[in-house]
Amino acid sequence: MKIKPTILFLTILSIILLTSCASKKKIIYYQNVDEVLKGNIAETNFETFLRPDDLLMIIVSAQDREAAAPFNLMNTMTTNPNNAAGSGQMQQQLYLVDNMGNIQFPVLGTIKVGGLTKKQAIDYITEEVSKYIINPIVNMRIMNFKVTVQGEVNRPGVHTISSERLTLTEALSLSGDLSIYGNRENILVIREVDGKRVPYRVDITKANFITSPFYYLNQNDIVYVEPNKTKVNSSIVGPNLSLGISAISLLVTIIALTVK
């Protein structure tokens with residue numbers, strides 16, 4: 001029986017394409033979202049916890065500005081090279097949370113904020129400052145909220161954000177989303193818990209991760225997208241791809257000459 005080279009080549013090509021096609025279930029996000037939410041909006045009880053190495057801007061204000069002034073760290077920045085009097089401008093200094101979770105606060109001294117939520121820390125400082133001035137208002141902001149995204153994304157890197165509320169999907173979007181070779185079923189999130197780095201696995205093809213503790217990221221979280229089987233296999237096949245193509249071409253040529 002004679003086999004036309006064109007038919008043989010198309011058959012081989014079809015087999016390669018069919019075996020390399022990715023499953024739809026491995027690509028699409030939020031596949032069971034209707035079952036998870038059941039028509040209801042998912043509750044968002046996310047709270048930011050303060051941790052060592054956080055840089056905090058804390059501003060205390062009150063109706064009596066002079067009374068509130070001693071509770072604010074201010075630094076005079078000189079803009080005049082001759083350091084002339086009156087040439088400086090005031091700049092708000094930041095508080096660094098040390099490895100014990102403490103900050104040094106004006107008038108109040110050492111305050112432990114590590115492990116507290118942002119709201120708890122604000123309430124505590126407000127209560128303490130209230131012993132000295134009437135109706136103080138305390139505002140707090142984490143200035144170095146950042147996450148790291150690595151692996152099979154289009155733009156890996158460290159993302160520093162002005163907000164303190166960042167979802168896993170937002171972090172992936174900041175990195176240009178997953179590449180076609182990213183494993184969407186086994187994304188690694190490394191988080192610091194009680195001073196230790198703990199790994200967690202997240203499957204973003206299943207919508208139930210929306211209600212998990214890893215839908216919202218904490219500051220300094222590390223997100224790693226591992227390669228899928230296609231990428232792993234291609235790294236093995238890659239060095240031998242040219243040889244394989246040459247062998248197929250040679251085989252097709254031999255068959256073509258044989259069947260003439």
# chains A, B, ... in the order shown; residues from 1 in each chain; ligands from 1
call {"tool": "residues_around", "arguments": {"residues": "A:Phe145", "least_positions_apart": "5", "cutoff": "8 Å", "atoms": "only C-alpha atoms", "output": "tab-separated table (two decimals) with all heavy atoms, in the first residue's frame"}}
result
chain	number	residue	atom	x	y	z
A	54	ASP	N	7.65	47.04	58.74
A	54	ASP	CA	6.68	47.96	58.15
A	54	ASP	C	7.13	49.40	58.42
A	54	ASP	O	7.62	49.72	59.50
A	54	ASP	CB	5.29	47.75	58.75
A	54	ASP	CG	4.57	46.55	58.17
A	54	ASP	OD1	5.07	45.98	57.19
A	54	ASP	OD2	3.51	46.18	58.71
A	160	THR	N	5.17	47.60	44.62
A	160	THR	CA	4.84	48.44	45.78
A	160	THR	C	3.58	49.21	45.45
A	160	THR	O	3.51	49.87	44.40
A	160	THR	CB	5.98	49.41	46.09
A	160	THR	OG1	7.18	48.66	46.36
A	160	THR	CG2	5.65	50.25	47.32
A	161	ILE	N	2.60	49.15	46.32
A	161	ILE	CA	1.30	49.76	46.03
A	161	ILE	C	0.96	50.80	47.10
A	161	ILE	O	1.42	50.73	48.24
A	161	ILE	CB	0.18	48.71	45.94
A	161	ILE	CG1	0.02	47.99	47.27
A	161	ILE	CG2	0.46	47.72	44.82
A	161	ILE	CD1	-1.22	47.13	47.34
A	162	SER	N	0.16	51.77	46.69
A	162	SER	CA	-0.24	52.82	47.62
A	162	SER	C	-1.38	52.37	48.51
A	162	SER	O	-1.57	52.90	49.61
A	162	SER	CB	-0.65	54.08	46.84
A	162	SER	OG	-1.69	53.77	45.92
A	163	SER	N	-2.14	51.39	48.04
A	163	SER	CA	-3.24	50.85	48.84
A	163	SER	C	-2.71	49.78	49.79
A	163	SER	O	-1.58	49.33	49.67
A	163	SER	CB	-4.30	50.25	47.92
A	163	SER	OG	-5.29	49.57	48.66
A	164	GLU	N	-3.51	49.39	50.75
A	164	GLU	CA	-3.15	48.31	51.67
A	164	GLU	C	-4.09	47.12	51.49
A	164	GLU	O	-4.23	46.29	52.38
A	164	GLU	CB	-3.19	48.81	53.11
A	164	GLU	CG	-2.19	49.93	53.38
A	164	GLU	CD	-2.49	50.67	54.65
A	164	GLU	OE1	-3.35	50.20	55.43
A	164	GLU	OE2	-1.90	51.73	54.88
A	219	GLN	N	1.29	42.25	53.15
A	219	GLN	CA	2.54	42.87	52.74
A	219	GLN	C	3.69	41.86	52.86
A	219	GLN	O	3.72	41.04	53.77
A	219	GLN	CB	2.85	44.13	53.57
A	219	GLN	CG	3.03	43.93	55.06
A	219	GLN	CD	1.74	44.05	55.84
A	219	GLN	OE1	0.72	43.55	55.42
A	219	GLN	NE2	1.81	44.72	56.98
A	220	ASN	N	4.57	41.92	51.87
A	220	ASN	CA	5.75	41.05	51.78
A	220	ASN	C	5.44	39.61	51.38
A	220	ASN	O	6.32	38.75	51.46
A	220	ASN	CB	6.56	41.06	53.10
A	220	ASN	CG	7.01	42.46	53.48
A	220	ASN	OD1	7.42	43.24	52.63
A	220	ASN	ND2	6.93	42.77	54.77
call {"tool": "select_by_dssp", "arguments": {"residues": "stretch 42-250 of chain A", "states": "helix (DSSP H, G or I)", "output": "ChimeraX atom specification"}}
result
/A:65-71,118-129,168-174,207-211,229-250
call {"tool": "write_last_selection", "arguments": {"atoms": "C-alpha atoms", "output": "short mmCIF file (atom, residue, chain, number, x, y, z; two decimals), in the first residue's frame"}}
result
data_model
loop_
_atom_site.label_atom_id
_atom_site.label_comp_id
_atom_site.auth_asym_id
_atom_site.auth_seq_id
_atom_site.Cartn_x
_atom_site.Cartn_y
_atom_site.Cartn_z
CA ARG A 65 -2.79 72.00 66.68
CA GLU A 66 -0.13 73.09 69.13
CA ALA A 67 -1.23 70.42 71.60
CA ALA A 68 -0.99 67.72 68.92
CA ALA A 69 2.40 68.83 67.57
CA PRO A 70 4.56 66.96 70.16
CA PHE A 71 2.96 63.65 69.03
CA LYS A 118 -4.18 48.60 61.61
CA LYS A 119 -7.47 49.54 63.27
CA GLN A 120 -6.41 48.09 66.62
CA ALA A 121 -3.16 50.07 66.51
CA ILE A 122 -5.01 53.29 65.67
CA ASP A 123 -7.49 52.73 68.49
CA TYR A 124 -4.71 52.03 70.99
CA ILE A 125 -2.66 55.12 70.05
CA THR A 126 -5.81 57.26 70.10
CA GLU A 127 -6.62 56.03 73.60
CA GLU A 128 -3.10 56.77 74.86
CA VAL A 129 -2.89 60.22 73.26
CA LEU A 168 -3.97 37.74 44.41
CA THR A 169 -5.58 38.33 41.01
CA GLU A 170 -4.66 42.03 41.16
CA ALA A 171 -1.04 41.13 41.88
CA LEU A 172 -1.03 38.73 38.93
CA SER A 173 -2.57 41.43 36.73
CA LEU A 174 0.15 43.88 37.77
CA ALA A 207 -13.60 30.11 42.44
CA ASN A 208 -13.57 29.00 46.08
CA PHE A 209 -10.18 30.68 46.49
CA ILE A 210 -12.15 33.97 46.55
CA THR A 211 -13.27 33.14 50.09
CA LYS A 229 3.68 20.34 32.11
CA THR A 230 3.84 21.82 28.62
CA LYS A 231 6.64 24.17 29.62
CA VAL A 232 8.48 21.45 31.54
CA ASN A 233 8.24 19.05 28.62
CA SER A 234 9.32 21.72 26.14
CA SER A 235 12.45 22.38 28.19
CA ILE A 236 13.35 18.72 27.71
CA VAL A 237 12.29 18.53 24.07
CA GLY A 238 13.76 21.91 23.11
CA PRO A 239 17.43 20.90 22.70
CA ASN A 240 16.35 17.92 20.58
CA LEU A 241 13.68 19.70 18.55
CA SER A 242 15.92 20.46 15.56
CA LEU A 243 17.14 16.86 15.52
CA GLY A 244 13.55 15.59 15.66
CA ILE A 245 12.43 17.80 12.79
CA SER A 246 15.41 16.69 10.72
CA ALA A 247 14.61 13.04 11.41
CA ILE A 248 10.96 13.50 10.39
CA SER A 249 12.01 15.31 7.22
CA LEU A 250 14.43 12.50 6.40
#
call {"tool": "atom_distance", "arguments": {"atom1": "atom CA of A:Ile58", "atom2": "atom CA of A:Val158"}}
result
24.7 Å
call {"tool": "closest_residue", "arguments": {"among": "A:Asn218, A:Thr205, A:Asn228, A:Thr117", "to": "A:Ile180", "atoms": "only C-alpha atoms"}}
result
A:Asn228
call {"tool": "closest_residue", "arguments": {"among": "A:Lys196, A:Met57, A:Tyr224, A:Gly157", "to": "A:Met140", "atoms": "only C-alpha atoms"}}
result
A:Met57
